Amino acid sequence: MEQRKGLRLLLFPLPLQGHINPMLQLAHILHSNGFSITIIHTSFNSPNPSNYPNFNFCCIQDGLSKSESSASDLLNFVIRLNVRCVTVFKECLGKLLSDISEEPIGCLISDAMCYFTQGVANSFQLPRNVLRTGGVSSFVAFATFPFLREKGYIPIQDSKLEETLEELPPLRVKDLPVINTEEPEKYYELICRFVNETKGSLGVIWNSFEELESSALVTLRQECSIPMFPIGPFHKYFPTSSSSSCSLISQDQSCISWLDKHTPNSVVYVSFGSVAAITETQFLEIAWGLANSKHPFLWVVRPGLVHGSEWLEPLPSGFVENMEGRGHIVKWAPQQEVLAHPATGAFWTHNGWNSTLESICEGVPMICMPCFTDQKVNARYVSHVWRVGLQLENGMERREIERTIRKLMEVNVEGKEIRDRAFKLKEDAKLCLKQGGSSCSSLEGLVTYILSLESNIRV
């Protein structure tokens with residue numbers, strides 16, 4: 001533990017699992033570097049303060065009804081949150097800033113998607129830095145939206161899906177970070193607002209590292225005058241067990257004892273994150289693709305993953321039993337432990353940034369099945385830039401699934417080359433956190449920068 005800095009930092013996450021996790025990990029990193037931490041959070045998806053005895057917590061009422069806080073409508077959820085939280089967030093900041101019994105506040109660090117916080121911070125003359133929980137490469141794509149619209153790529157037309165974007169290699173039109181929505185204009189405005197308010201902050205913190213996204217960082221540094229701090233991978237600053245408490249969903253530890261029974265690199269781990277949803281037809285194709293591959297699999301089927309089903313109802317009777325122990329299905333897994341387990345040989349993922357980065361850090365090759373937004377960019381980078389995985393390009397069809405699994409899991413030239421590259425990236429991820437490494441140096445720069453910020457806070 002470093003000497004205390006006598007300075008308090010305010011952190012505000014977007015209340016979704018994939019955003020709360022890295023914000024709390026960042027809180028641990030900054031606390032271990034001498035800062036006091038106060039987490040401001042919404043009543044929706046509220047973290048349990050008892051899991052974080054070193055932090056203070058301040059809850060604001062987001063005013064969202066149960067239907068409005070559904071993550072199934074991400075677009076309107078994020079927009080509503082940015083509207084409803086303005087007043088209560090401002091009141092909370094006012095109270096925290098006027099509390100003279102606590103250490104002085106150095107800055108606010110908010111999730112980039114909580115773009116309303118820039119205006120509120122400005123009203124108090126409080127310095128605001130941003131945590132972007134996605135990758136740098138996907139942010140570059142988001143930042144290019146106005147140009148892509150001018151060129152006619154947005155809104156996306158089916159006839160152009162396979163076209164390569166010369167301005168964003170190696171992305172094709174189909175890889176752009178969009179969602180299926182009947183309100184494309186609303187989505188476009190949301191992205192432009194989030195990008196502009198990020199660029200309007202005093203600095204951006206990235207859960208990434210130079211060696212992984214050097215090209216995107218060069219591009220962004222040329223376009224933006226604000227400092228960039230790639231200090232990731234966040235979860236590797238601490239033992240696996242200490243970061244697992246960030247999970248909002250109860251984890252099934254039976255995964256680990258099941259994996260213990262399998263040989264190294266023999267198991268396919270399948271998980272599509274905390275938000276994505278699939279149809280019953282897709283679910284069954286995945287099930288038969290896994291079964292027909294003849295490789296052991298650990299499959300996370302989150303309640304609500306399959307449209308119209310509670311859990312495993314669509315599976316044929318006796319499906320799991322007929323696997324004779326070759327398949328293990330759970331509602332949620334301790335993912336970092338699973339990926340670090342010697343038995344895990346491949347990760348079939350939706351390519352959310354946290355999952356992608358965690359897989360890279362363990363050298364586990366990926367089968368990519370992106371669903372929306374930045375996942376599409378991440379999948380393309382995994383398969384065509386870092387080349388540590390294969391993307392399911394032709395939908396979820398059982399024979400294609402079986403072929404892809406076999407290509408990664410069985411002895412062949414392509415699979416070996418992917419594994420070798422994955423091992424190299426794993427080593428890069430280790431080295432960047434060591435003394436003198438890129439992320440270690442970037443963190444030192446971030447600490448110095450926060451201490452240098454002059455705040456003329458007005459309450």
# chains A, B, ... in the order shown; residues from 1 in each chain; ligands from 1
>>> select_by_dssp(residues="stretch 206-324 of chain A", states="helix (DSSP H, G or I)", output="PyMOL selection string")
chain A and resi 210-223+234-237+240-246+254-259+280-293+319-322
>>> residues_around(residues="A:Ser138", least_positions_apart="5", cutoff="9 Å", atoms="only C-alpha atoms", output="list in words")
Ala143, Leu176, Pro177, Ala216, Thr373, Asp374, Gln375, Lys376, Val377 and Asn378 of chain A
>>> closest_residue(among="A:Pro47, A:Phe347, A:Asp175, A:Arg80", to="A:Leu161", atoms="only C-alpha atoms")
A:Asp175
>>> closest_atom_pairs(of="stretch 169-206 of chain A", to="stretch 443-449 of chain A", cutoff="12 Å", atoms="only C-alpha atoms", output="JSON lines")
{"residue": "A:Leu202", "atom": "CA", "partner": "A:Tyr449", "partner_atom": "CA", "distance": 9.8}
{"residue": "A:Gly203", "atom": "CA", "partner": "A:Leu446", "partner_atom": "CA", "distance": 9.0}
{"residue": "A:Val204", "atom": "CA", "partner": "A:Leu446", "partner_atom": "CA", "distance": 9.6}
{"residue": "A:Ile205", "atom": "CA", "partner": "A:Leu446", "partner_atom": "CA", "distance": 8.3}
{"residue": "A:Trp206", "atom": "CA", "partner": "A:Leu443", "partner_atom": "CA", "distance": 10.4}
>>> residues_around(residues="A:His328", least_positions_apart="5", cutoff="8 Å", atoms="only C-alpha atoms", output="list of chain:residue names")
A:Cys255, A:Trp258, A:Phe297, A:Leu298, A:Trp299, A:Val320
>>> write_last_selection(atoms="N, CA, C and O atoms", output="compact mmCIF listing (two decimals), in the first residue's frame")
# COMPACT_ATOMS: atom_id res chain seq x y z
N CYS A 255 -18.10 -25.44 -11.49
CA CYS A 255 -17.31 -25.41 -12.74
C CYS A 255 -15.89 -25.87 -12.52
O CYS A 255 -15.33 -26.63 -13.33
N TRP A 258 -15.41 -29.54 -11.81
CA TRP A 258 -15.67 -30.28 -13.05
C TRP A 258 -14.48 -30.16 -14.00
O TRP A 258 -14.04 -31.15 -14.60
N PHE A 297 -17.48 -29.73 -22.92
CA PHE A 297 -17.82 -28.31 -22.93
C PHE A 297 -18.43 -27.88 -21.59
O PHE A 297 -19.16 -28.63 -20.96
N LEU A 298 -18.09 -26.67 -21.20
CA LEU A 298 -18.68 -26.00 -20.04
C LEU A 298 -19.50 -24.84 -20.60
O LEU A 298 -18.94 -23.92 -21.20
N TRP A 299 -20.81 -24.89 -20.41
CA TRP A 299 -21.71 -23.95 -21.08
C TRP A 299 -22.47 -23.12 -20.06
O TRP A 299 -23.17 -23.67 -19.20
N VAL A 320 -28.41 -33.60 -21.61
CA VAL A 320 -27.23 -33.51 -20.74
C VAL A 320 -26.79 -34.91 -20.31
O VAL A 320 -25.59 -35.23 -20.30
>>> closest_residue(among="A:Asn207, A:Ser383, A:Ser36, A:Thr263", to="A:Phe234", atoms="only C-alpha atoms")
A:Asn207
>>> residues_around(residues="A:Thr117", least_positions_apart="3", cutoff="12 Å", atoms="only C-alpha atoms", output="CSV table (one decimal) with C-alpha atoms, in the first residue's frame")
chain,number,residue,atom,x,y,z
A,10,LEU,CA,-15.5,10.0,-7.0
A,11,LEU,CA,-16.3,7.1,-9.4
A,12,PHE,CA,-19.6,6.7,-11.2
A,13,PRO,CA,-20.3,3.4,-13.2
A,14,LEU,CA,-22.9,2.7,-15.8
A,40,ILE,CA,-21.7,6.9,-6.6
A,81,LEU,CA,-30.4,7.0,-17.4
A,82,ASN,CA,-28.6,10.1,-18.9
A,83,VAL,CA,-31.8,12.1,-18.5
A,84,ARG,CA,-33.2,10.9,-15.2
A,85,CYS,CA,-30.0,11.0,-13.2
A,86,VAL,CA,-29.0,14.6,-13.9
A,87,THR,CA,-30.8,16.2,-10.9
A,88,VAL,CA,-30.1,13.5,-8.3
A,89,PHE,CA,-26.5,13.2,-9.4
A,90,LYS,CA,-26.1,17.0,-9.1
A,92,CYS,CA,-25.3,14.0,-4.6
A,93,LEU,CA,-22.2,15.8,-5.9
A,107,CYS,CA,-11.8,14.6,-9.6
A,108,LEU,CA,-14.8,12.6,-10.9
A,109,ILE,CA,-14.2,9.5,-13.0
A,110,SER,CA,-17.4,8.5,-14.8
A,111,ASP,CA,-18.2,5.8,-17.3
A,112,ALA,CA,-18.0,7.3,-20.8
A,113,MET,CA,-21.6,6.2,-21.5
A,114,CYS,CA,-22.8,8.4,-18.6
A,120,VAL,CA,-22.8,18.4,-14.0
A,121,ALA,CA,-19.1,18.3,-13.3
A,122,ASN,CA,-18.7,21.6,-15.2
A,123,SER,CA,-21.3,23.3,-13.1
A,124,PHE,CA,-19.2,22.6,-10.0
A,125,GLN,CA,-15.9,23.2,-11.9
A,126,LEU,CA,-15.0,19.6,-10.8
A,127,PRO,CA,-12.4,17.9,-13.1
A,128,ARG,CA,-13.9,15.0,-14.9
A,129,ASN,CA,-11.9,12.0,-16.3
A,130,VAL,CA,-13.6,9.2,-18.2
A,193,ARG,CA,-23.0,12.5,-27.7
A,194,PHE,CA,-21.0,9.9,-25.8
A,197,GLU,CA,-18.4,14.2,-24.1
A,198,THR,CA,-15.6,11.8,-23.8
A,200,GLY,CA,-14.5,16.9,-23.8
A,201,SER,CA,-13.2,15.3,-20.6
>>> closest_residue(among="A:Ser250, A:Ala379, A:Gly63, A:Phe229", to="A:Arg172", atoms="only C-alpha atoms")
A:Ala379
>>> closest_residue(among="A:Gly395, A:Gly232, A:Gly327, A:Gly273", to="A:Val136", atoms="only C-alpha atoms")
A:Gly232
>>> closest_residue(among="A:Ala277, A:Leu248, A:Cys368, A:Leu305", to="A:Pro334", atoms="only C-alpha atoms")
A:Leu248
>>> closest_residue(among="A:Ser254, A:Glu397, A:Ile286, A:Leu408", to="A:Val267", atoms="only C-alpha atoms")
A:Leu408
>>> residues_around(residues="A:Ile249", least_positions_apart="4", cutoff="10 Å", atoms="only C-alpha atoms", output="PyMOL selection string")
chain A and resi 17+245+274+302+331-334
>>> write_last_selection(atoms="C-alpha atoms", output="PDB file, in the first residue's frame")
ATOM      1  CA  GLN A  17     -22.396  -5.843 -15.164  1.00  0.00           C
ATOM      2  CA  SER A 245     -16.777 -10.128  -5.785  1.00  0.00           C
ATOM      3  CA  SER A 274     -24.786 -10.830 -19.066  1.00  0.00           C
ATOM      4  CA  ARG A 302     -27.895 -17.502 -18.105  1.00  0.00           C
ATOM      5  CA  LYS A 331     -26.314 -20.439 -14.865  1.00  0.00           C
ATOM      6  CA  TRP A 332     -23.186 -18.347 -14.270  1.00  0.00           C
ATOM      7  CA  ALA A 333     -19.486 -19.128 -13.943  1.00  0.00           C
ATOM      8  CA  PRO A 334     -16.454 -17.559 -12.232  1.00  0.00           C
TER       9      PRO A 334
END
>>> residues_around(residues="A:Glu280", least_positions_apart="4", cutoff="7 Å", atoms="only C-alpha atoms", output="VMD selection string")
chain A and resid 284 306 to 307 314
>>> atom_distance(atom1="atom CA of A:Gly345", atom2="atom CA of A:Glu414")
14.7 Å
>>> select_by_dssp(residues="stretch 278-450 of chain A", states="strand (DSSP E)", output="number ranges by chain")
A: 297-300, 327-330, 344-349, 366-368, 389-391
>>> write_last_selection(atoms="C-alpha atoms", output="compact mmCIF listing (two decimals), in the first residue's frame")
# COMPACT_ATOMS: atom_id res chain seq x y z
CA PHE A 297 -17.82 -28.31 -22.93
CA LEU A 298 -18.68 -26.00 -20.04
CA TRP A 299 -21.71 -23.95 -21.08
CA VAL A 300 -23.07 -20.88 -19.27
CA GLY A 327 -21.07 -31.44 -20.95
CA HIS A 328 -21.59 -29.26 -17.88
CA ILE A 329 -24.21 -26.47 -17.91
CA VAL A 330 -24.41 -23.72 -15.28
CA THR A 344 -9.86 -24.70 -20.81
CA GLY A 345 -8.77 -24.94 -24.45
CA ALA A 346 -11.09 -22.49 -26.21
CA PHE A 347 -13.61 -19.78 -25.34
CA TRP A 348 -16.77 -19.40 -27.40
CA THR A 349 -17.68 -15.78 -26.64
CA MET A 366 -11.59 -17.66 -29.10
CA ILE A 367 -14.59 -18.65 -31.16
CA CYS A 368 -16.25 -15.31 -31.90
CA GLY A 389 -9.52 -16.82 -32.78
CA LEU A 390 -12.04 -17.73 -35.46
CA GLN A 391 -15.34 -15.99 -36.16
>>> residues_around(residues="A:Ala343", least_positions_apart="6", cutoff="7 Å", atoms="only C-alpha atoms", output="PyMOL selection string")
chain A and resi 259+262-267
>>> decode(residues="stretch 296-321 of chain A", atoms="N, CA, C and O atoms", output="compact mmCIF listing (two decimals), in the first residue's frame")
# COMPACT_ATOMS: atom_id res chain seq x y z
N PRO A 296 -15.37 -32.05 -24.70
CA PRO A 296 -16.03 -31.62 -23.46
C PRO A 296 -16.33 -30.13 -23.51
O PRO A 296 -15.55 -29.35 -24.06
N PHE A 297 -17.48 -29.73 -22.92
CA PHE A 297 -17.82 -28.31 -22.93
C PHE A 297 -18.43 -27.88 -21.59
O PHE A 297 -19.16 -28.63 -20.96
N LEU A 298 -18.09 -26.67 -21.20
CA LEU A 298 -18.68 -26.00 -20.04
C LEU A 298 -19.50 -24.84 -20.60
O LEU A 298 -18.94 -23.92 -21.20
N TRP A 299 -20.81 -24.89 -20.41
CA TRP A 299 -21.71 -23.95 -21.08
C TRP A 299 -22.47 -23.12 -20.06
O TRP A 299 -23.17 -23.67 -19.20
N VAL A 300 -22.32 -21.80 -20.13
CA VAL A 300 -23.07 -20.88 -19.27
C VAL A 300 -24.37 -20.53 -19.98
O VAL A 300 -24.36 -19.87 -21.03
N VAL A 301 -25.49 -20.99 -19.42
CA VAL A 301 -26.81 -20.62 -19.94
C VAL A 301 -27.47 -19.75 -18.87
O VAL A 301 -28.05 -20.24 -17.91
N ARG A 302 -27.33 -18.46 -19.05
CA ARG A 302 -27.90 -17.50 -18.10
C ARG A 302 -29.43 -17.51 -18.19
O ARG A 302 -29.98 -17.54 -19.30
N PRO A 303 -30.14 -17.54 -17.06
CA PRO A 303 -31.59 -17.42 -17.14
C PRO A 303 -31.97 -16.17 -17.94
O PRO A 303 -31.48 -15.07 -17.67
N GLY A 304 -32.80 -16.35 -18.95
CA GLY A 304 -33.16 -15.23 -19.82
C GLY A 304 -32.33 -15.16 -21.08
O GLY A 304 -32.59 -14.33 -21.95
N LEU A 305 -31.33 -16.05 -21.22
CA LEU A 305 -30.50 -16.05 -22.43
C LEU A 305 -31.34 -16.38 -23.66
O LEU A 305 -31.15 -15.80 -24.73
N VAL A 306 -32.28 -17.34 -23.50
CA VAL A 306 -33.09 -17.80 -24.63
C VAL A 306 -34.44 -17.10 -24.59
O VAL A 306 -35.16 -17.18 -23.59
N HIS A 307 -34.78 -16.41 -25.66
CA HIS A 307 -36.07 -15.71 -25.74
C HIS A 307 -37.21 -16.68 -25.43
O HIS A 307 -37.31 -17.75 -26.02
N GLY A 308 -38.07 -16.31 -24.50
CA GLY A 308 -39.27 -17.11 -24.22
C GLY A 308 -39.05 -18.29 -23.31
O GLY A 308 -39.98 -19.08 -23.09
N SER A 309 -37.82 -18.47 -22.77
CA SER A 309 -37.54 -19.61 -21.89
C SER A 309 -36.93 -19.12 -20.58
O SER A 309 -36.23 -18.12 -20.55
N GLU A 310 -37.21 -19.88 -19.53
CA GLU A 310 -36.62 -19.57 -18.24
C GLU A 310 -35.16 -20.03 -18.20
O GLU A 310 -34.27 -19.31 -17.79
N TRP A 311 -34.96 -21.31 -18.63
CA TRP A 311 -33.58 -21.81 -18.58
C TRP A 311 -33.34 -22.85 -19.68
O TRP A 311 -33.16 -22.50 -20.83
N LEU A 312 -33.41 -24.15 -19.35
CA LEU A 312 -33.00 -25.20 -20.30
C LEU A 312 -34.18 -25.91 -20.96
O LEU A 312 -34.00 -26.96 -21.60
N GLU A 313 -35.39 -25.35 -20.84
CA GLU A 313 -36.59 -26.03 -21.34
C GLU A 313 -36.49 -26.46 -22.81
O GLU A 313 -36.97 -27.55 -23.17
N PRO A 314 -35.85 -25.67 -23.70
CA PRO A 314 -35.83 -26.07 -25.12
C PRO A 314 -34.96 -27.29 -25.41
O PRO A 314 -35.08 -27.89 -26.48
N LEU A 315 -34.05 -27.67 -24.48
CA LEU A 315 -33.16 -28.81 -24.76
C LEU A 315 -33.96 -30.11 -24.86
O LEU A 315 -34.90 -30.33 -24.10
N PRO A 316 -33.59 -30.98 -25.80
CA PRO A 316 -34.27 -32.28 -25.91
C PRO A 316 -34.13 -33.06 -24.60
O PRO A 316 -33.13 -32.95 -23.88
N SER A 317 -35.13 -33.86 -24.29
CA SER A 317 -35.10 -34.67 -23.07
C SER A 317 -33.87 -35.58 -23.06
O SER A 317 -33.56 -36.24 -24.06
N GLY A 318 -33.15 -35.57 -21.95
CA GLY A 318 -31.99 -36.44 -21.79
C GLY A 318 -30.73 -35.91 -22.45
O GLY A 318 -29.71 -36.63 -22.49
N PHE A 319 -30.74 -34.68 -22.96
CA PHE A 319 -29.57 -34.14 -23.69
C PHE A 319 -28.32 -34.16 -22.82
O PHE A 319 -27.27 -34.67 -23.23
N VAL A 320 -28.41 -33.60 -21.61
CA VAL A 320 -27.23 -33.51 -20.74
C VAL A 320 -26.79 -34.91 -20.31
O VAL A 320 -25.59 -35.23 -20.30
N GLU A 321 -27.77 -35.75 -19.96
CA GLU A 321 -27.45 -37.11 -19.50
C GLU A 321 -26.72 -37.91 -20.59
O GLU A 321 -25.79 -38.67 -20.31
